>>> print(open('coords.tsv').read())   # TSV, C-alpha atoms
chain	number	residue	atom	x	y	z
K	269	MET	CA	-74.21	60.27	-50.94
K	270	LYS	CA	-74.04	57.25	-53.23
K	271	LYS	CA	-70.60	58.39	-54.40
K	272	ARG	CA	-69.34	58.54	-50.78
K	273	THR	CA	-70.72	55.06	-50.07
K	274	SER	CA	-68.98	53.74	-53.17
K	275	ILE	CA	-65.65	55.23	-52.07
K	276	GLN	CA	-66.00	53.68	-48.60
K	277	SER	CA	-66.76	50.29	-50.12
K	278	CYS	CA	-63.64	50.47	-52.28
K	279	TYR	CA	-61.58	51.45	-49.24
K	280	PHE	CA	-62.78	48.53	-47.14
K	281	LEU	CA	-62.30	46.13	-50.06
K	282	ALA	CA	-58.71	47.26	-50.51
K	283	LEU	CA	-58.09	46.97	-46.77
K	284	PHE	CA	-59.50	43.42	-46.73
K	285	ILE	CA	-57.29	42.38	-49.67
K	286	CYS	CA	-54.22	43.83	-47.95
K	287	ILE	CA	-54.97	42.06	-44.65
K	288	PHE	CA	-55.61	38.74	-46.41
K	289	SER	CA	-52.44	39.02	-48.49
K	290	CYS	CA	-50.23	39.92	-45.52
K	291	SER	CA	-51.75	37.14	-43.43
K	292	SER	CA	-51.10	34.60	-46.17
K	293	LEU	CA	-47.52	35.80	-46.56
K	294	GLN	CA	-46.88	35.57	-42.80
K	295	SER	CA	-48.45	32.09	-42.70
K	296	ASP	CA	-46.17	30.87	-45.49
K	297	THR	CA	-43.11	32.28	-43.70
K	298	ASN	CA	-43.93	30.47	-40.44
K	299	LYS	CA	-44.53	27.27	-42.33
K	300	LYS	CA	-41.15	27.49	-43.99
K	301	GLU	CA	-39.27	28.26	-40.77
K	302	GLY	CA	-41.22	26.04	-38.39
K	303	ASN	CA	-42.00	22.89	-40.35
K	304	GLU	CA	-39.12	22.34	-42.75
K	305	ARG	CA	-36.25	20.68	-40.87
K	306	PRO	CA	-32.82	22.08	-41.75
K	307	ARG	CA	-30.64	19.80	-43.82
K	308	TRP	CA	-27.83	19.78	-41.23
K	309	ILE	CA	-29.91	17.77	-38.75
K	310	ASN	CA	-29.42	14.66	-40.89
K	311	ASP	CA	-26.36	15.81	-42.85
K	312	VAL	CA	-23.83	17.62	-40.64
K	313	MET	CA	-21.35	17.97	-43.48
K	314	SER	CA	-23.75	20.33	-45.24
K	315	GLU	CA	-22.62	22.95	-42.70
K	316	CYS	CA	-19.14	21.64	-41.80
K	317	SER	CA	-15.82	20.97	-43.48
K	318	ASP	CA	-14.15	17.64	-42.78
K	319	THR	CA	-10.82	19.41	-43.18
K	320	TYR	CA	-11.41	21.95	-40.42
K	321	ASP	CA	-14.25	20.69	-38.25
K	322	LEU	CA	-15.44	17.71	-36.27
K	323	CYS	CA	-19.22	18.11	-36.09
K	324	ALA	CA	-22.18	16.40	-34.45
K	325	VAL	CA	-25.87	17.07	-33.83
K	326	GLY	CA	-27.57	16.86	-30.46
K	327	GLU	CA	-31.26	16.73	-29.62
K	328	GLY	CA	-32.95	17.62	-26.34
K	329	LEU	CA	-36.04	18.95	-24.61
K	330	SER	CA	-34.27	22.28	-24.06
K	331	ARG	CA	-31.66	24.26	-25.92
K	332	ASN	CA	-29.03	23.63	-23.22
K	333	GLU	CA	-29.70	19.89	-23.30
K	334	ALA	CA	-29.43	19.80	-27.09
K	335	GLU	CA	-26.11	21.65	-27.00
K	336	ALA	CA	-24.74	19.37	-24.27
K	337	ASN	CA	-25.79	16.29	-26.24
K	338	ALA	CA	-24.16	17.68	-29.38
K	339	ARG	CA	-20.84	18.09	-27.60
K	340	ARG	CA	-21.23	14.63	-26.05
K	341	ALA	CA	-21.79	13.24	-29.53
K	342	ILE	CA	-18.42	14.64	-30.63
K	343	ALA	CA	-16.76	12.73	-27.78
K	344	LEU	CA	-18.48	9.58	-29.03
K	345	ILE	CA	-17.07	10.21	-32.50
K	346	PHE	CA	-13.57	9.94	-31.02
K	347	GLU	CA	-14.45	6.62	-29.38
K	348	ALA	CA	-16.09	5.22	-32.52
K	349	LYS	CA	-13.18	6.12	-34.80
K	350	ILE	CA	-10.59	4.80	-32.35
K	351	GLN	CA	-12.44	1.50	-31.86
K	352	GLY	CA	-12.54	1.19	-35.61
K	353	LYS	CA	-8.75	1.04	-35.64
K	354	SER	CA	-7.48	-2.21	-34.14
K	355	SER	CA	-4.16	-0.64	-33.15
K	356	PHE	CA	-6.02	1.63	-30.72
K	357	ASN	CA	-8.36	-0.98	-29.27
K	358	LYS	CA	-5.78	-2.17	-26.81
K	359	SER	CA	-2.49	-1.09	-25.38
K	360	THR	CA	0.74	-2.04	-27.11
K	361	TYR	CA	1.53	-4.00	-23.99
K	362	SER	CA	-1.28	-6.46	-24.63
K	363	GLN	CA	1.06	-8.15	-27.13
K	364	SER	CA	3.05	-9.39	-24.14
K	365	ASN	CA	2.34	-12.71	-22.46
K	366	ASP	CA	3.02	-11.22	-19.06
K	367	SER	CA	-0.20	-10.83	-17.09
K	368	ASN	CA	1.19	-7.77	-15.34
K	369	ILE	CA	1.29	-5.75	-18.52
K	370	SER	CA	-1.56	-7.14	-20.56
K	371	GLY	CA	-4.75	-5.63	-21.93
K	372	GLY	CA	-7.37	-3.23	-20.64
K	373	VAL	CA	-7.17	0.35	-19.56
K	374	ASN	CA	-6.20	1.34	-16.04
K	375	GLU	CA	-9.01	2.97	-14.05
K	376	ASN	CA	-6.98	6.11	-13.37
K	377	THR	CA	-5.94	6.26	-17.02
K	378	ALA	CA	-9.57	5.97	-18.13
K	379	ARG	CA	-10.56	8.76	-15.75
K	380	GLU	CA	-7.81	11.08	-16.94
K	381	LEU	CA	-8.57	10.29	-20.57
K	382	GLU	CA	-12.23	11.13	-20.00
K	383	GLU	CA	-11.22	14.46	-18.44
K	384	ILE	CA	-9.01	15.26	-21.43
K	385	THR	CA	-11.79	14.44	-23.90
K	386	ASP	CA	-14.42	16.35	-21.92
K	387	GLY	CA	-12.14	19.38	-21.74
K	388	LEU	CA	-11.58	19.16	-25.47
K	389	VAL	CA	-15.24	18.95	-26.53
K	390	SER	CA	-16.32	21.62	-24.04
K	391	GLY	CA	-14.60	24.08	-26.39
K	392	ALA	CA	-16.81	23.06	-29.30
K	393	SER	CA	-18.90	25.95	-30.66
K	394	ILE	CA	-22.60	25.77	-31.52
K	395	LYS	CA	-22.91	26.65	-35.21
K	396	LYS	CA	-26.64	26.14	-35.70
K	397	SER	CA	-29.75	25.55	-33.63
K	398	TYR	CA	-33.35	24.70	-34.49
K	399	GLN	CA	-36.60	24.11	-32.63
K	400	ASP	CA	-39.73	22.29	-33.68
K	401	LYS	CA	-42.83	21.52	-31.63
K	402	ASN	CA	-41.21	18.46	-30.01
K	403	SER	CA	-37.47	19.09	-29.62
K	404	TYR	CA	-34.49	21.40	-29.78
K	405	TYR	CA	-31.55	20.63	-32.08
K	406	ALA	CA	-27.98	21.92	-31.99
K	407	LEU	CA	-25.04	21.54	-34.34
K	408	ALA	CA	-21.71	21.54	-32.47
K	409	SER	CA	-18.39	22.09	-34.22
K	410	LEU	CA	-14.92	21.31	-32.82
K	411	ASP	CA	-12.16	23.24	-34.54
K	412	LYS	CA	-9.53	20.66	-35.50
K	413	ILE	CA	-6.61	23.09	-35.37
K	414	THR	CA	-7.44	24.14	-31.81
K	415	ALA	CA	-8.03	20.54	-30.73
K	416	LYS	CA	-4.76	19.50	-32.32
K	417	LYS	CA	-2.82	22.09	-30.31
K	418	GLU	CA	-4.45	21.04	-27.03
K	419	LEU	CA	-3.78	17.34	-27.58
K	420	LYS	CA	-0.20	17.99	-28.67
K	421	SER	CA	0.40	19.96	-25.48
K	422	LYS	CA	-0.87	17.02	-23.42
K	423	ILE	CA	1.33	14.56	-25.32
K	424	ASP	CA	4.37	16.79	-24.79
K	425	SER	CA	3.65	16.87	-21.05
K	426	ILE	CA	3.45	13.06	-20.91
K	427	ASP	CA	6.68	12.77	-22.93
K	428	GLU	CA	8.49	14.98	-20.40
K	429	LYS	CA	7.44	12.68	-17.56
K	430	LEU	CA	8.39	9.55	-19.51
K	431	THR	CA	11.80	10.99	-20.38
K	432	ALA	CA	12.53	11.86	-16.74
K	433	LEU	CA	11.48	8.38	-15.57
K	434	SER	CA	13.52	6.67	-18.29
K	435	LYS	CA	16.68	8.34	-16.98
K	436	ASP	CA	16.06	7.03	-13.47
K	437	SER	CA	18.01	3.81	-12.91
K	438	SER	CA	15.32	2.44	-10.57
K	439	GLY	CA	13.35	-0.46	-12.00
K	440	GLY	CA	10.41	0.49	-9.80
K	441	ASN	CA	9.39	3.10	-12.39
K	442	PHE	CA	8.17	0.49	-14.86
K	443	SER	CA	4.56	0.45	-13.70
K	444	GLN	CA	4.31	4.24	-13.76
K	445	MET	CA	5.93	4.44	-17.19
K	446	ARG	CA	3.63	1.76	-18.58
K	447	LYS	CA	0.51	3.64	-17.45
K	448	LEU	CA	1.82	6.95	-18.76
K	449	ASP	CA	2.65	5.37	-22.09
K	450	ASP	CA	-0.80	3.80	-22.26
K	451	LEU	CA	-2.36	7.23	-21.68
K	452	ARG	CA	-0.08	8.72	-24.33
K	453	GLU	CA	-1.12	6.06	-26.83
K	454	ARG	CA	-4.79	6.85	-26.33
K	455	VAL	CA	-4.31	10.64	-26.45
K	456	ASN	CA	-2.21	10.17	-29.57
K	457	ALA	CA	-5.09	8.26	-31.17
K	458	ARG	CA	-7.31	11.31	-30.66
K	459	TYR	CA	-4.58	13.56	-32.03
K	460	GLN	CA	-4.44	11.46	-35.19
K	461	ILE	CA	-8.19	11.96	-35.74
K	462	VAL	CA	-7.90	15.76	-35.76
K	463	GLY	CA	-4.31	16.03	-36.97
K	464	GLY	CA	-4.18	13.35	-39.63
K	465	GLN	CA	-1.01	11.78	-38.26
K	466	SER	CA	0.36	10.58	-34.95
K	467	VAL	CA	3.10	12.14	-32.81
K	468	PRO	CA	6.27	9.98	-32.89
K	469	ARG	CA	7.42	8.41	-29.63
K	470	VAL	CA	10.12	10.12	-27.61
K	471	VAL	CA	10.56	7.13	-25.28
K	472	THR	CA	10.31	3.84	-27.13
K	473	TYR	CA	8.36	0.78	-26.12
K	474	GLU	CA	11.63	-1.14	-25.80
K	475	LYS	CA	13.03	1.48	-23.42
K	476	ILE	CA	10.02	1.08	-21.16
K	477	LEU	CA	10.37	-2.70	-21.14
K	478	GLU	CA	13.97	-2.24	-20.00
K	479	LYS	CA	12.52	-0.89	-16.75
K	480	LYS	CA	10.67	-4.13	-16.23
K	481	GLN	CA	13.91	-6.06	-16.62
K	482	GLN	CA	15.67	-3.67	-14.24
K	483	ALA	CA	13.02	-4.40	-11.63
K	484	LYS	CA	13.56	-8.13	-12.06
K	485	ASP	CA	17.32	-7.72	-11.82
K	486	ALA	CA	16.96	-5.63	-8.68
K	487	ASN	CA	14.86	-8.44	-7.17
K	488	LEU	CA	13.36	-6.23	-4.48
K	489	VAL	CA	11.85	-8.43	-1.78
K	490	VAL	CA	9.30	-6.96	0.64
K	491	LEU	CA	8.86	-8.65	3.99
K	492	LEU	CA	5.22	-8.34	5.03
K	493	LYS	CA	5.39	-7.81	8.77
K	494	ILE	CA	1.65	-7.19	8.95
K	495	SER	CA	-1.21	-9.51	9.72
K	496	SER	CA	-4.96	-9.64	10.29
K	497	ALA	CA	-4.24	-8.78	13.92
K	498	ASP	CA	-3.17	-5.35	12.72
K	499	GLY	CA	-6.63	-4.80	11.23
K	500	LEU	CA	-5.27	-5.14	7.69
K	501	LYS	CA	-6.80	-8.49	6.75
K	502	GLU	CA	-9.11	-6.98	4.10
K	503	LEU	CA	-6.30	-4.85	2.65
K	504	LEU	CA	-3.63	-7.55	2.41
K	505	PRO	CA	-4.80	-8.93	-0.99
K	506	LEU	CA	-4.70	-5.40	-2.48
K	507	ILE	CA	-1.26	-4.70	-0.97
K	508	ASN	CA	0.10	-7.91	-2.51
K	509	LYS	CA	-1.49	-7.15	-5.87
K	510	ILE	CA	0.02	-3.66	-6.07
K	511	LEU	CA	3.50	-4.80	-5.02
K	512	HIS	CA	3.49	-7.76	-7.42
K	513	GLY	CA	2.31	-5.44	-10.19
K	514	LYS	CA	5.50	-3.46	-9.65
K	515	ASN	CA	7.54	-6.67	-9.88
K	516	TYR	CA	8.34	-6.68	-6.16
K	517	SER	CA	8.41	-10.05	-4.45
K	518	THR	CA	6.67	-10.44	-1.07
K	519	VAL	CA	7.51	-12.86	1.73
K	520	LYS	CA	6.08	-13.52	5.18
K	521	PRO	CA	8.01	-13.89	8.46
K	522	LYS	CA	8.99	-17.44	9.43
K	523	LYS	CA	9.21	-19.03	12.84
K	524	GLU	CA	12.79	-20.16	12.25
K	525	GLY	CA	13.95	-16.67	11.39
K	526	MET	CA	13.44	-13.80	8.99
K	527	PRO	CA	13.85	-14.64	5.29
K	528	GLU	CA	16.14	-12.53	3.17
K	529	HIS	CA	14.48	-9.29	2.20
K	530	SER	CA	15.22	-5.80	0.90
K	531	VAL	CA	12.65	-3.85	2.91
K	532	ALA	CA	10.00	-4.65	5.49
K	533	LEU	CA	6.42	-3.41	5.45
K	534	THR	CA	4.74	-2.76	8.77
K	535	GLY	CA	1.54	-0.98	9.62
K	536	SER	CA	-1.94	-1.06	11.09
K	537	LEU	CA	-5.54	-0.04	10.58
K	538	SER	CA	-7.02	1.38	13.76
K	539	ASN	CA	-10.50	2.71	14.52
K	540	GLU	CA	-11.93	5.21	16.97
K	541	GLU	CA	-15.61	5.87	17.65
K	542	GLN	CA	-16.65	9.48	17.08
K	543	PHE	CA	-19.39	11.50	18.73
K	544	LEU	CA	-22.57	11.51	16.66
K	545	ASN	CA	-25.78	12.94	18.03
K	546	VAL	CA	-28.06	11.04	15.63
K	547	PRO	CA	-30.25	8.29	17.11
K	548	GLY	CA	-29.74	4.90	15.47
K	549	PHE	CA	-26.40	5.77	13.88
K	550	VAL	CA	-22.74	5.49	14.89
K	551	SER	CA	-19.61	7.16	13.53
K	552	TYR	CA	-16.07	5.75	13.32
K	553	LYS	CA	-12.73	7.18	12.27
K	554	PHE	CA	-10.36	4.68	10.61
K	555	THR	CA	-6.63	5.44	10.40
K	556	LEU	CA	-4.36	3.56	8.00
K	557	SER	CA	-0.60	3.60	8.59
K	558	LEU	CA	1.92	1.74	6.42
K	559	TYR	CA	5.72	1.98	6.68
K	560	PHE	CA	8.50	0.56	4.52
K	561	GLN	CA	11.73	0.08	6.51
K	562	ASP	CA	15.23	-0.83	5.35
K	563	ALA	CA	17.47	-3.42	6.98
K	564	ASP	CA	18.47	-0.92	9.68
K	565	GLY	CA	14.85	-0.19	10.57
K	566	LYS	CA	14.91	3.24	8.96
K	567	LYS	CA	11.65	4.32	7.33
K	568	VAL	CA	12.12	4.76	3.59
K	569	HIS	CA	8.48	5.32	2.68
K	570	THR	CA	5.38	6.22	4.70
K	571	THR	CA	1.71	6.07	3.77
K	572	GLU	CA	-0.89	7.46	6.17
K	573	THR	CA	-4.50	8.56	5.88
K	574	SER	CA	-7.75	8.71	7.85
K	575	VAL	CA	-11.42	8.46	6.86
K	576	THR	CA	-14.58	8.89	8.92
K	577	ASN	CA	-17.93	7.33	8.10
K	578	ASN	CA	-21.36	6.87	9.66
K	579	GLY	CA	-23.60	3.83	9.65
K	580	ARG	CA	-26.32	1.92	11.43
K	581	ASN	CA	-23.57	-0.04	13.12
K	582	TYR	CA	-19.80	-0.51	13.14
K	583	GLN	CA	-19.85	-2.89	10.16
K	584	GLN	CA	-21.58	-0.40	7.89
K	585	ALA	CA	-19.14	2.35	8.81
K	586	TYR	CA	-16.23	-0.06	8.31
K	587	GLU	CA	-17.38	-1.22	4.86
K	588	LYS	CA	-17.77	2.38	3.65
K	589	SER	CA	-14.32	3.27	4.97
K	590	LEU	CA	-12.70	0.13	3.55
K	591	LYS	CA	-13.86	1.03	0.05
K	592	GLN	CA	-12.40	4.53	0.40
K	593	LEU	CA	-9.13	3.19	1.80
K	594	LYS	CA	-8.73	0.77	-1.10
K	595	GLU	CA	-9.27	3.59	-3.58
K	596	PHE	CA	-6.77	5.75	-1.72
K	597	LEU	CA	-4.10	3.04	-1.59
K	598	THR	CA	-4.51	2.18	-5.27
K	599	SER	CA	-4.04	5.82	-6.22
K	600	GLU	CA	-1.33	6.62	-3.64
K	601	TRP	CA	0.84	3.64	-4.61
K	602	GLU	CA	0.42	4.06	-8.34
K	603	ASP	CA	3.79	5.82	-8.47
K	604	LEU	CA	5.37	3.85	-5.63
K	605	SER	CA	9.10	3.34	-6.13
K	606	ILE	CA	11.28	1.83	-3.40
K	607	ASN	CA	15.02	1.87	-4.03
>>> encode(input="coords.tsv", output="C-alpha cells")
Amino acid sequence: MKKRTSIQSCYFLALFICIFSCSSLQSDTNKKEGNERPRWINDVMSECSDTYDLCAVGEGLSRNEAEANARRAIALIFEAKIQGKSSFNKSTYSQSNDSNISGGVNENTARELEEITDGLVSGASIKKSYQDKNSYYALASLDKITAKKELKSKIDSIDEKLTALSKDSSGGNFSQMRKLDDLRERVNARYQIVGGQSVPRVVTYEKILEKKQQAKDANLVVLLKISSADGLKELLPLINKILHGKNYSTVKPKKEGMPEHSVALTGSLSNEEQFLNVPGFVSYKFTLSLYFQDADGKKVHTTETSVTNNGRNYQQAYEKSLKQLKEFLTSEWEDLSIN
C-alpha cells in the first residue's frame, strides 16, 4: 500500500513539474512576441532595400487604419523629398516676371497630381504588421520598379498631349500647355525619386513660351457684350480673369460704336423656381449660357450648363449655385482656344 502511495506521489510530482515548465515556456514566448517591439517600427530599412523599395510605417487603432496610414506616409515621403529640392518647389515658369505664368500650382493640376500619387501608393504592399496593447503597426513597401513604370507611362501620356498642342499654330494653346508642363514637371520629380533620374523633355520650355508669343501676335480681342442685366454680374470678374490668363484682350461696347474686336461674347444666367414640397425651403434651377461669335455673328464656341439647389430663400440657393458655376467655368474653359 505504501509502495502504491509512493508511486502516485512521484506521478503527481512529475506532472506538476511538467505543467510548471510548460507554463513558464509559454509565458516567455508571449513576452517575447507581445512586449518586444520589432526593429522595423523605428528602422524601416531593417526590412527594406533603398535600391528596390520605398517604405514607411503607419500606426492606427485598427489594422486597416495602420495600413492606410503607412501608405499615406509613403505619399508624404514624395512630398518631403521634392520640397527638399529647390528645383521642384516651384514651376519653371516662376522664373518669369509675367504674372500670368508665375508661381504656385493650379488647382486642377494639384488635384490630378494627388490622384496620381494616391493611385501609386495604393499599390504598396504590407510587408510586416504588429500589434501591442495600444496600437496596430504596419510596414508598407512600394516597389520602385513598378512605380517607375507607372510614372513613366503618365509622363509619356502628357508628352503626347504637349507634342500635339505644340504643332497647333494657335496661340490659344499656351495656357493649356503651361499647365500640362507643370504637371509633367511634378510627376517627373516623383519619377526621379524612384528611378534615380528624370525623363528628358520632349517639348522644351522655349517651345511652350513660343505659344505665349503667338497669342500676343494674334492679338485676339473679345468684345464683352454681357452685363449685370444678363445676370452675369458675379461671373464677370472670373470671365475676365480666365480670358486674360489666355492672353486674350477684352473690351466693352461703346456708345459711339463697337470697338475693333475678333470675337464677341454674349450670354446670360437665368433662373427658374422648381417645385419643392419641403416647408421653409425653396428650390431654383440656374442656367448659364455663353456664346462666342465671329464678326458675322456665327457661333464659334458655346458653353452651357444648369445647376439646381435648395435653400431657405432665393439668395441661399443662388450662392450655392454660383459657387458650382464658377467651378464649372474654370474647369470648362481651362482648354479654351478661340481661333
>>> closest_residue(input="coords.tsv", among="K:Thr518, K:Asn539, K:Thr431, K:Ser466", to="Val489 of chain K", atoms="all atoms listed in the file")
K:Thr518
>>> closest_residue(input="coords.tsv", among="K:Ser605, K:Ser390, K:Asn337, K:Asn515", to="Val568 of chain K", atoms="all atoms listed in the file")
K:Ser605
>>> closest_residue(input="coords.tsv", among="K:Val455, K:Ala341, K:Ala336, K:Leu410", to="Leu322 of chain K", atoms="all atoms listed in the file")
K:Leu410
>>> closest_atom_pairs(input="coords.tsv", of="segment 385-502 of chain K", to="segment 546-558 of chain K", cutoff="10 Å", atoms="only C-alpha atoms", output="Markdown table")
| residue | atom | partner | partner_atom | distance |
| --- | --- | --- | --- | --- |
| K:Ile494 | CA | K:Leu558 | CA | 9.3 |
| K:Gly499 | CA | K:Leu556 | CA | 9.2 |
| K:Leu500 | CA | K:Leu556 | CA | 8.8 |
>>> closest_residue(input="coords.tsv", among="K:Ser314, K:Gln444, K:Ser393, K:Ser538", to="Ile342 of chain K", atoms="all atoms listed in the file")
K:Ser393
>>> atom_distance(input="coords.tsv", atom1="atom CA of Val467 of chain K", atom2="atom CA of Glu418 of chain K")
13.0 Å
>>> closest_residue(input="coords.tsv", among="K:Arg452, K:Lys480, K:Lys422, K:Lys591", to="His512 of chain K", atoms="only C-alpha atoms")
K:Lys480
>>> closest_residue(input="coords.tsv", among="K:Asp318, K:Tyr405, K:Arg305, K:Ala392", to="Asn332 of chain K", atoms="all atoms listed in the file")
K:Tyr405
>>> atom_distance(input="coords.tsv", atom1="atom CA of Val325 of chain K", atom2="atom CA of Leu407 of chain K")
4.6 Å
>>> atom_distance(input="coords.tsv", atom1="atom CA of Asn456 of chain K", atom2="atom CA of Ile423 of chain K")
7.1 Å
>>> residues_around(input="coords.tsv", residues="Ile461 of chain K", least_positions_apart="5", cutoff="10 Å", atoms="only C-alpha atoms", output="PyMOL selection string")
chain K and resi 322+345-346+349-350+412+415-416+456+466
>>> write_last_selection(input="coords.tsv", atoms="C-alpha atoms", output="tab-separated table (two decimals), keeping the file's coordinate frame")
chain	number	residue	atom	x	y	z
K	322	LEU	CA	-15.44	17.71	-36.27
K	345	ILE	CA	-17.07	10.21	-32.50
K	346	PHE	CA	-13.57	9.94	-31.02
K	349	LYS	CA	-13.18	6.12	-34.80
K	350	ILE	CA	-10.59	4.80	-32.35
K	412	LYS	CA	-9.53	20.66	-35.50
K	415	ALA	CA	-8.03	20.54	-30.73
K	416	LYS	CA	-4.76	19.50	-32.32
K	456	ASN	CA	-2.21	10.17	-29.57
K	466	SER	CA	0.36	10.58	-34.95
>>> decode(input="coords.tsv", residues="segment 465-510 of chain K", atoms="C-alpha atoms", output="short mmCIF file (atom, residue, chain, number, x, y, z; two decimals), in the first residue's frame")
data_model
loop_
_atom_site.label_atom_id
_atom_site.label_comp_id
_atom_site.auth_asym_id
_atom_site.auth_seq_id
_atom_site.Cartn_x
_atom_site.Cartn_y
_atom_site.Cartn_z
CA GLN K 465 16.99 60.20 -62.91
CA SER K 466 14.47 62.40 -64.67
CA VAL K 467 12.81 61.86 -68.05
CA PRO K 468 14.15 64.36 -70.63
CA ARG K 469 11.71 66.88 -72.10
CA VAL K 470 10.11 66.16 -75.45
CA VAL K 471 8.67 69.67 -75.75
CA THR K 472 11.07 72.30 -74.47
CA TYR K 473 10.29 75.21 -72.18
CA GLU K 474 11.23 77.59 -75.00
CA LYS K 475 8.77 75.91 -77.36
CA ILE K 476 5.96 76.44 -74.87
CA LEU K 477 6.85 80.11 -74.45
CA GLU K 478 6.59 80.48 -78.22
CA LYS K 479 2.87 79.83 -77.79
CA LYS K 480 2.61 82.79 -75.47
CA GLN K 481 4.21 85.00 -78.11
CA GLN K 482 1.89 83.59 -80.77
CA ALA K 483 -1.07 84.58 -78.63
CA LYS K 484 0.27 88.11 -78.30
CA ASP K 485 0.91 88.32 -82.03
CA ALA K 486 -2.60 87.08 -82.76
CA ASN K 487 -3.94 89.86 -80.50
CA LEU K 488 -7.34 88.23 -80.07
CA VAL K 489 -9.78 90.80 -78.75
CA VAL K 490 -13.03 89.65 -77.11
CA LEU K 491 -15.93 92.08 -77.05
CA LEU K 492 -17.89 91.52 -73.84
CA LYS K 493 -21.50 92.01 -74.89
CA ILE K 494 -22.74 90.92 -71.48
CA SER K 495 -23.68 92.92 -68.43
CA SER K 496 -25.13 92.65 -64.94
CA ALA K 497 -28.56 92.87 -66.56
CA ASP K 498 -27.90 89.44 -68.03
CA GLY K 499 -27.49 88.03 -64.52
CA LEU K 500 -23.74 87.64 -65.01
CA LYS K 501 -22.50 90.36 -62.67
CA GLU K 502 -20.92 87.91 -60.21
CA LEU K 503 -19.31 85.90 -63.02
CA LEU K 504 -17.82 88.81 -64.99
CA PRO K 505 -14.61 89.07 -62.89
CA LEU K 506 -13.95 85.34 -63.38
CA ILE K 507 -14.65 85.56 -67.12
CA ASN K 508 -12.17 88.42 -67.46
CA LYS K 509 -9.56 86.59 -65.39
CA ILE K 510 -9.75 83.43 -67.50
#
